[in-house]
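**Student:** Structure below; questions to follow.
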Amino acid sequence: MPSDAIRTRGLTKRYGTFLAVDHVDLDVPAGTVFGLLGPNGAGKTTIIKLLTGLSDITKGEATVAGFDIHKDPMHVKQNVGWVAAEVILDDDLSASENLWLQAQLQRLDYWKGRAETLLHYFDLTAYRRQKVGTFSTGMRKKLEIALALLHQPKVIFMDEPTIGLDPATRQMLWELIQGVHREFGITVLLTTHYIEEADALCDNVAIIDRGKIVASGTPDALKESENADVIEIETKQEVNEAQLRAIPGVLAARSQGRSWLLRVSSAEEVLPSLLAVVHDETVRSINVQKPSLETVFLNLTGRRIGGSESEGPVDFRKFYAQMRRARS
Amino acid sequence: MNAEDRSAELFVISAPSSSSTIPQGRQFTGLYYREILKTFRNPLVLAITVAQPFMWLAFFGSSFSTVPLSELDALLHTQIQSYLQFLIPGVLATSMLSIGMFGSMSTIQDKRFGFMKRILITPTSKATVYLAKALGSTTRGMVGIPVMVIAGLAFGVRFSGDALMWAGWAASLVLLGFGFSCMFLAITASSTDWQTPGVISNFITMPLMFASGALFPPANFPGWMQTISSYNPVTYAAEFGRGIILNGQADWTYLGYVGIFAAAMAAIGTLVAARYLRVE
């Protein structure tokens with residue numbers, strides 16, 4: 001197996017006129033956890049579909065586990081596992097039957113011992129004959145990961161693995177992802193829009209927005225490159241941009257209506273001067289952030305990872321007023 | 001056993017296989033068995049599958065109960081002991097028309113719940129998924145055959161023919177059911193709408209049921225319906241079974257015709273599915 005478990009060059013996917021994935025180059029070293037971090041709709045799931053052969057590539061090249069996804073999709077599929085965001089199992093079948101089916105689909109000869117071990121590892125042995133439809137969300141997630149591991153894949157794709165899970169299950173899953181990677185050297189590619197997840201789990205992160213990779217590197221390197229605090233300030237009245245830029249320590253200012261995004265050398269030093277320029281009574285909200293993957297994304301795109309796709313913040317006051325008028 | 005010991009058992013990374021294609025037998029078996037498990041685990045499905053042939057014979061079979069046998073012979077252009085005897089091969093043949101609906105519905109369910117992604121992320125081809133669904137549907141439809149024969153016996157119908165002929169008759173129904181399942185699944189390969197299978201079923205079943213020799217003899221049809229009937233495989237499966245049951249005579253060319261129909265549908269459908277079967 002080459003040193004890169006996943007390698008893409010110019011990976012592109014177009015749906016009609018919509019460019020879902022735009023010339024993405026990825027190099028995921030074998031045995032690492034790689035995170036695709038970005039907001040909903042950024043193209044993360046589409047990249048997984050392209051790399052697992054579920055969707056056809058419009059343009060570009062991709063190699064997964066040493067096989068070309070264009071020329072040899074079946075061997076790619078033999079070497080990858082998949083954990084879906086929405087937990088996909090056959091609810092009418094038992095846990096054992098789901099594992100049996102997975103063994104058939106992956107053409108495994110000796111799998112029963114490993115299936116037993118996996119069930120034991122995930123505390124599912126006592127429930128193995130129960131229909132999966134009766135399982136809790138956490139149990140379903142565990143079984144889905146057991147299915148993904150059954151055939152000893154070289155690469156596991158995890159699409160938003162902790163979405164919708166309670167904090168305890170999320171913690172369990174984080175430990176599991178780290179364990180799988182540490183103990184067995186399996187390469188994990190996970191997508192997430194949780195900053196702390198990317199930060200805690202990933203050796204390398206690529207930040208994706210609107211189908212494009214906008215930054216990549218280790219989480220620490222990305223944060224270090226940031227080297228600036230971010231102040232978000234929303235005002236009731238217009239503020240003069242030149243005045244903001246003139247404040248000592250302000251490196252950059254970006255306007256989103258009456259909301260401003262300021263990159264500053266040190267928030268503690270800049271805030272007094274800022275509040276002198278923008279008078280206290282006109283401030284609607286103010287938010288200070290130290291360098292994080294969130295601020296990296298914020299500075300690159302002007303939006304938050306957890307924010308909406310629309311430009312600028314939603315004016316809820318205006319929205320509520322419209323709703324009240326519509327009701328009367 | 002501690003966590004490390006347990007996890008150490010889980011993985012032995014093996015070298016990739018060097019062949020470029022992956023055989024599909026195991027995947028087909030798994031998917032087919034899944035269809036069967038899901039179908040026959042539902043007691044209501046089983047109960048209705050068993051009850052339906054009795055209802056056909058009780059209601060439809062009684063339609064001519066007050067008509068004298070000699071008049072029925074003239075109407076049906078054959079010598080019969082009861083209308084039920086004429087009807088049973090026809091009803092079994094027409095019941096094969098709509099069995100593809102089940103495979104089609106199960107495919108749409110897999111697409112909508114994402115299970116199709118789980119299948120196709122493994123080394124399983126779309127053609128394998130398609131053929132497993134078609135055979136699963138066919139198997140489900142086959143339950144009706146012994147039940148209908150038993151129902152016929154319960155209603156006092158006398159059956160002719162030997163074991164070989166009966167095996168041939170059963171084969172003709174399997175091939176007919178498989179052919180229509182293949183046709184059905186190919187038509188709905190790209191669909192994700194729950195309503196489609198029902199609509200397609202009505203669209204296929206109604207004309208092909210009546211424009212066949214299954215329920216009434218084509219000799220009474222207008223010319224255009226006779227033409228459809230003469231190409232309709234339902235006619236051949238019904239006539240093949242009827243020859244055996246009424247007279248103990250099997251026209252094996254009819255079985256061959258139904259076999260060609262099934263093979264053609266499977267070949268066309270496999271190509272269509274490989275190209276158009278949607279993942280979600």
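By order in the structure tokens, chains are A, B, ...; within a chain, residues start at 1; ligands start at 1, following the order shown.
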Would you list the contacts of B:Met116 as number ranges by chain, taking every protein, DNA or RNA residue within 8 Å and counting only C-alpha atoms, but skipping same-chain residues closer than 6 positions in sequence?
**Tutor:** B: 107, 110, 279-280
**Student:** Save the residues we just selected, all heavy atoms, as a PDB file, in the first residue's frame?
**Tutor:**
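Contents of the output file part_0.pdb:
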```pdb
ATOM      1  N   THR B 107     -37.135  -2.451  -3.321  1.00  0.00           N
ATOM      2  CA  THR B 107     -36.011  -1.671  -3.866  1.00  0.00           C
ATOM      3  C   THR B 107     -36.159  -0.191  -3.520  1.00  0.00           C
ATOM      4  O   THR B 107     -35.198   0.460  -3.105  1.00  0.00           O
ATOM      5  CB  THR B 107     -35.935  -1.834  -5.402  1.00  0.00           C
ATOM      6  OG1 THR B 107     -35.932  -3.232  -5.703  1.00  0.00           O
ATOM      7  CG2 THR B 107     -34.705  -1.194  -5.980  1.00  0.00           C
ATOM      8  N   ASP B 110     -35.335   0.382   0.044  1.00  0.00           N
ATOM      9  CA  ASP B 110     -33.884   0.390   0.257  1.00  0.00           C
ATOM     10  C   ASP B 110     -33.257   1.710  -0.180  1.00  0.00           C
ATOM     11  O   ASP B 110     -32.315   2.193   0.449  1.00  0.00           O
ATOM     12  CB  ASP B 110     -33.219  -0.764  -0.508  1.00  0.00           C
ATOM     13  CG  ASP B 110     -33.373  -2.092   0.234  1.00  0.00           C
ATOM     14  OD1 ASP B 110     -33.780  -2.065   1.407  1.00  0.00           O
ATOM     15  OD2 ASP B 110     -33.082  -3.141  -0.370  1.00  0.00           O
ATOM     16  N   VAL B 279     -28.986   4.869  -6.548  1.00  0.00           N
ATOM     17  CA  VAL B 279     -28.459   4.541  -5.225  1.00  0.00           C
ATOM     18  C   VAL B 279     -29.379   5.105  -4.146  1.00  0.00           C
ATOM     19  O   VAL B 279     -29.575   4.498  -3.101  1.00  0.00           O
ATOM     20  CB  VAL B 279     -27.028   5.096  -5.069  1.00  0.00           C
ATOM     21  CG1 VAL B 279     -26.509   4.869  -3.665  1.00  0.00           C
ATOM     22  CG2 VAL B 279     -26.109   4.453  -6.087  1.00  0.00           C
ATOM     23  N   GLU B 280     -29.962   6.270  -4.403  1.00  0.00           N
ATOM     24  CA  GLU B 280     -30.832   6.888  -3.394  1.00  0.00           C
ATOM     25  C   GLU B 280     -31.880   7.744  -4.076  1.00  0.00           C
ATOM     26  O   GLU B 280     -31.775   8.033  -5.243  1.00  0.00           O
ATOM     27  CB  GLU B 280     -30.024   7.729  -2.410  1.00  0.00           C
ATOM     28  CG  GLU B 280     -29.162   8.781  -3.053  1.00  0.00           C
ATOM     29  CD  GLU B 280     -28.216   9.447  -2.075  1.00  0.00           C
ATOM     30  OE1 GLU B 280     -28.499   9.450  -0.877  1.00  0.00           O
ATOM     31  OE2 GLU B 280     -27.183   9.950  -2.520  1.00  0.00           O
TER      32      GLU B 280
END
```
**Student:** Fewer than 2 positions away in the same chain doesn't count, so skip those; otherwise give me all residues within 10 Å of A:Asp90, counting only C-alpha atoms, as a PyMOL selection string.
**Tutor:** (chain A and resi 87-88+92-95+97-98+101+131-133) or (chain B and resi 34+38+110+113-115+118)
**Student:** May I have the residues from that selection written out with N, CA and C atoms, as a PDB file, in the first residue's frame?
**Tutor:**
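As written to disk, part33.pdb reads:
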```pdb
ATOM      1  N   VAL A  87     -27.114   6.522  10.325  1.00  0.00           N
ATOM      2  CA  VAL A  87     -27.126   5.139  10.806  1.00  0.00           C
ATOM      3  C   VAL A  87     -28.043   4.278   9.923  1.00  0.00           C
ATOM      4  N   ILE A  88     -27.428   3.557   9.006  1.00  0.00           N
ATOM      5  CA  ILE A  88     -28.211   2.752   8.070  1.00  0.00           C
ATOM      6  C   ILE A  88     -28.010   1.270   8.369  1.00  0.00           C
ATOM      7  N   ASP A  92     -35.378  -4.725  10.165  1.00  0.00           N
ATOM      8  CA  ASP A  92     -36.171  -5.959  10.270  1.00  0.00           C
ATOM      9  C   ASP A  92     -35.307  -7.165  10.627  1.00  0.00           C
ATOM     10  N   LEU A  93     -34.005  -7.013  10.514  1.00  0.00           N
ATOM     11  CA  LEU A  93     -33.101  -8.122  10.810  1.00  0.00           C
ATOM     12  C   LEU A  93     -32.460  -7.916  12.185  1.00  0.00           C
ATOM     13  N   SER A  94     -31.956  -8.996  12.760  1.00  0.00           N
ATOM     14  CA  SER A  94     -31.271  -8.906  14.052  1.00  0.00           C
ATOM     15  C   SER A  94     -29.847  -8.397  13.839  1.00  0.00           C
ATOM     16  N   ALA A  95     -29.166  -8.106  14.956  1.00  0.00           N
ATOM     17  CA  ALA A  95     -27.772  -7.654  14.868  1.00  0.00           C
ATOM     18  C   ALA A  95     -26.919  -8.725  14.186  1.00  0.00           C
ATOM     19  N   GLU A  97     -27.901 -11.036  12.113  1.00  0.00           N
ATOM     20  CA  GLU A  97     -28.261 -11.144  10.690  1.00  0.00           C
ATOM     21  C   GLU A  97     -27.676  -9.995   9.873  1.00  0.00           C
ATOM     22  N   ASN A  98     -27.620  -8.798  10.470  1.00  0.00           N
ATOM     23  CA  ASN A  98     -26.988  -7.672   9.778  1.00  0.00           C
ATOM     24  C   ASN A  98     -25.506  -7.965   9.547  1.00  0.00           C
ATOM     25  N   LEU A 101     -25.185 -10.576   6.796  1.00  0.00           N
ATOM     26  CA  LEU A 101     -25.374  -9.996   5.466  1.00  0.00           C
ATOM     27  C   LEU A 101     -24.115  -9.244   5.027  1.00  0.00           C
ATOM     28  N   LYS A 131     -34.177  -7.730  17.007  1.00  0.00           N
ATOM     29  CA  LYS A 131     -34.302  -6.925  15.795  1.00  0.00           C
ATOM     30  C   LYS A 131     -33.662  -5.556  16.031  1.00  0.00           C
ATOM     31  N   VAL A 132     -32.916  -5.097  15.052  1.00  0.00           N
ATOM     32  CA  VAL A 132     -32.182  -3.849  15.187  1.00  0.00           C
ATOM     33  C   VAL A 132     -33.138  -2.658  15.362  1.00  0.00           C
ATOM     34  N   GLY A 133     -34.361  -2.804  14.854  1.00  0.00           N
ATOM     35  CA  GLY A 133     -35.365  -1.754  15.008  1.00  0.00           C
ATOM     36  C   GLY A 133     -35.651  -1.413  16.464  1.00  0.00           C
TER      37      GLY A 133
ATOM     38  N   ARG B  34     -31.983 -12.282   2.315  1.00  0.00           N
ATOM     39  CA  ARG B  34     -32.548 -11.129   3.051  1.00  0.00           C
ATOM     40  C   ARG B  34     -33.994 -10.871   2.596  1.00  0.00           C
ATOM     41  N   LYS B  38     -37.250 -11.204   5.101  1.00  0.00           N
ATOM     42  CA  LYS B  38     -38.113 -10.049   5.359  1.00  0.00           C
ATOM     43  C   LYS B  38     -39.557 -10.343   4.964  1.00  0.00           C
ATOM     44  N   ASP B 110     -35.335   0.382   0.044  1.00  0.00           N
ATOM     45  CA  ASP B 110     -33.884   0.390   0.257  1.00  0.00           C
ATOM     46  C   ASP B 110     -33.257   1.710  -0.180  1.00  0.00           C
ATOM     47  N   PHE B 113     -34.466   4.487   2.522  1.00  0.00           N
ATOM     48  CA  PHE B 113     -33.867   4.354   3.853  1.00  0.00           C
ATOM     49  C   PHE B 113     -32.342   4.301   3.802  1.00  0.00           C
ATOM     50  N   GLY B 114     -31.782   4.409   2.606  1.00  0.00           N
ATOM     51  CA  GLY B 114     -30.324   4.464   2.479  1.00  0.00           C
ATOM     52  C   GLY B 114     -29.655   3.098   2.416  1.00  0.00           C
ATOM     53  N   PHE B 115     -30.441   2.009   2.546  1.00  0.00           N
ATOM     54  CA  PHE B 115     -29.808   0.690   2.590  1.00  0.00           C
ATOM     55  C   PHE B 115     -29.132   0.340   1.260  1.00  0.00           C
ATOM     56  N   ARG B 118     -25.681   1.178   1.598  1.00  0.00           N
ATOM     57  CA  ARG B 118     -24.943   0.182   2.393  1.00  0.00           C
ATOM     58  C   ARG B 118     -24.573  -1.020   1.528  1.00  0.00           C
TER      59      ARG B 118
END
```
**Student:** So, counting only C-alpha atoms, which residue among B:Arg275, B:Val143, B:Ala186, B:Ala74 is closest to chain A?
**Tutor:**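 Counting only C-alpha atoms, the residue closest to chain A is B:Arg275.
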**Student:** Skip B:Ile204 itself and residues of its chain fewer than 4 positions away, then list as a PyMOL selection string all residues within 12 Å of it, counting only C-alpha atoms.
**Tutor:** chain B and resi 94-101+180-181+183-184+187+197-200+208-211+232+234
**Student:** Could you dump the residues just selected with C-alpha atoms as an mmCIF file, in the first residue's frame?
**Tutor:**
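What follows is the written file result.cif:
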```cif
data_model
loop_
_atom_site.group_PDB
_atom_site.id
_atom_site.type_symbol
_atom_site.label_atom_id
_atom_site.label_comp_id
_atom_site.auth_asym_id
_atom_site.auth_seq_id
_atom_site.Cartn_x
_atom_site.Cartn_y
_atom_site.Cartn_z
ATOM 1 C CA THR B 94 -52.124 -13.881 -13.990
ATOM 2 C CA SER B 95 -50.960 -13.762 -10.371
ATOM 3 C CA MET B 96 -47.382 -13.782 -11.709
ATOM 4 C CA LEU B 97 -48.050 -10.445 -13.437
ATOM 5 C CA SER B 98 -47.980 -8.356 -10.304
ATOM 6 C CA ILE B 99 -45.422 -10.134 -8.094
ATOM 7 C CA GLY B 100 -42.671 -7.853 -9.393
ATOM 8 C CA MET B 101 -44.398 -5.107 -7.427
ATOM 9 C CA PHE B 180 -42.419 -10.103 -15.127
ATOM 10 C CA SER B 181 -40.445 -9.335 -11.953
ATOM 11 C CA MET B 183 -39.665 -6.293 -16.357
ATOM 12 C CA PHE B 184 -41.201 -4.576 -13.331
ATOM 13 C CA ILE B 187 -39.258 -0.125 -15.326
ATOM 14 C CA PRO B 197 -44.963 0.274 -8.107
ATOM 15 C CA GLY B 198 -48.738 0.374 -7.533
ATOM 16 C CA VAL B 199 -49.365 2.495 -10.610
ATOM 17 C CA ILE B 200 -47.071 0.383 -12.804
ATOM 18 C CA LEU B 208 -52.106 -8.321 -19.903
ATOM 19 C CA MET B 209 -54.554 -10.186 -17.656
ATOM 20 C CA PHE B 210 -57.555 -9.664 -19.920
ATOM 21 C CA ALA B 211 -55.667 -9.763 -23.226
ATOM 22 C CA ASN B 232 -48.631 -12.447 -24.275
ATOM 23 C CA VAL B 234 -49.427 -15.197 -19.729
#
```
**Student:** Tell me which of B:Ile145, B:Ala163, B:Leu92, B:Ala267 sits closest to B:Ala214, counting only C-alpha atoms.
**Tutor:** B:Leu92
**Student:** With a distance cut-off of 9 Å and only C-alpha atoms, select the neighbouring residues of A:Leu108, excluding the residue or stretch itself and same-chain residues fewer than 3 positions from it, and output the selection as number ranges by chain.
**Tutor:** A: 102-105, 111, 150-151; B: 26
**Student:** Enumerate as a PyMOL selection string the residues belonging to chain A that approach chain B to within 9 Å, with only C-alpha atoms taken into account.
**Tutor:** chain A and resi 1+49+52-55+66+71-82+84+86-90+92-93+97+100-108+113-115+117-118+120-121+149-154+179-180+183-184
**Student:** For A:Leu189, please output as a PyMOL selection string all residues within 6 Å (counting only C-alpha atoms; exclusion window: fewer than 6 positions along the same chain).
**Tutor:** chain A and resi 33-35+157
**Student:** For the selection just defined, write its residues with N, CA and C atoms to a file, as an mmCIF file, in the first residue's frame.
**Tutor:**
```cif
data_model
loop_
_atom_site.group_PDB
_atom_site.id
_atom_site.type_symbol
_atom_site.label_atom_id
_atom_site.label_comp_id
_atom_site.auth_asym_id
_atom_site.auth_seq_id
_atom_site.Cartn_x
_atom_site.Cartn_y
_atom_site.Cartn_z
ATOM 1 N N VAL A 33 -5.846 9.908 11.080
ATOM 2 C CA VAL A 33 -7.248 10.338 11.091
ATOM 3 C C VAL A 33 -7.300 11.689 10.391
ATOM 4 N N PHE A 34 -8.081 11.735 9.341
ATOM 5 C CA PHE A 34 -8.157 12.946 8.523
ATOM 6 C C PHE A 34 -9.572 13.517 8.625
ATOM 7 N N GLY A 35 -9.666 14.795 8.872
ATOM 8 C CA GLY A 35 -10.990 15.413 9.024
ATOM 9 C C GLY A 35 -11.310 16.354 7.892
ATOM 10 N N PHE A 157 -14.576 5.381 6.227
ATOM 11 C CA PHE A 157 -15.178 6.693 6.039
ATOM 12 C C PHE A 157 -16.261 6.872 7.091
#
```
**Student:** Enumerate, as a PyMOL selection string, the complete set of residues in stretch 85-169 of chain A that a backbone-based DSSP assignment places in strand (DSSP E or B).
**Tutor:** chain A and resi 94+131+155-159
**Student:** What separation in Å, quoted to one decimal, exists between atom CA of A:Arg210 and atom CA of A:Ala42?
**Tutor:**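 Result for atom CA of A:Arg210 versus atom CA of A:Ala42: 4.5 Å, one decimal.
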**Student:** Extract, using only C-alpha atoms, all DNA, RNA and protein residues at most 10 Å from B:Thr253, discarding same-chain residues fewer than 6 positions from it, and format them as a list in words.
**Tutor:**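 Once the nearby chain positions are removed, what remains is Tyr236, Phe240 and Gly259 of chain B.
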**Student:** Neighbours of B:Gly248 within 12 Å (only C-alpha atoms; same-chain residues fewer than 2 positions away dropped), as a VMD selection string?
**Tutor:** chain B and resid 158 to 166 169 240 to 246 250 to 251
**Student:** Which residue gives the smallest distance to B:Leu135 among B:Glu35, B:Leu76, B:Gln81, B:Trp194, with only C-alpha atoms counted?
**Tutor:**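 Once distances to B:Leu135 are computed over only C-alpha atoms, the minimum belongs to B:Glu35.
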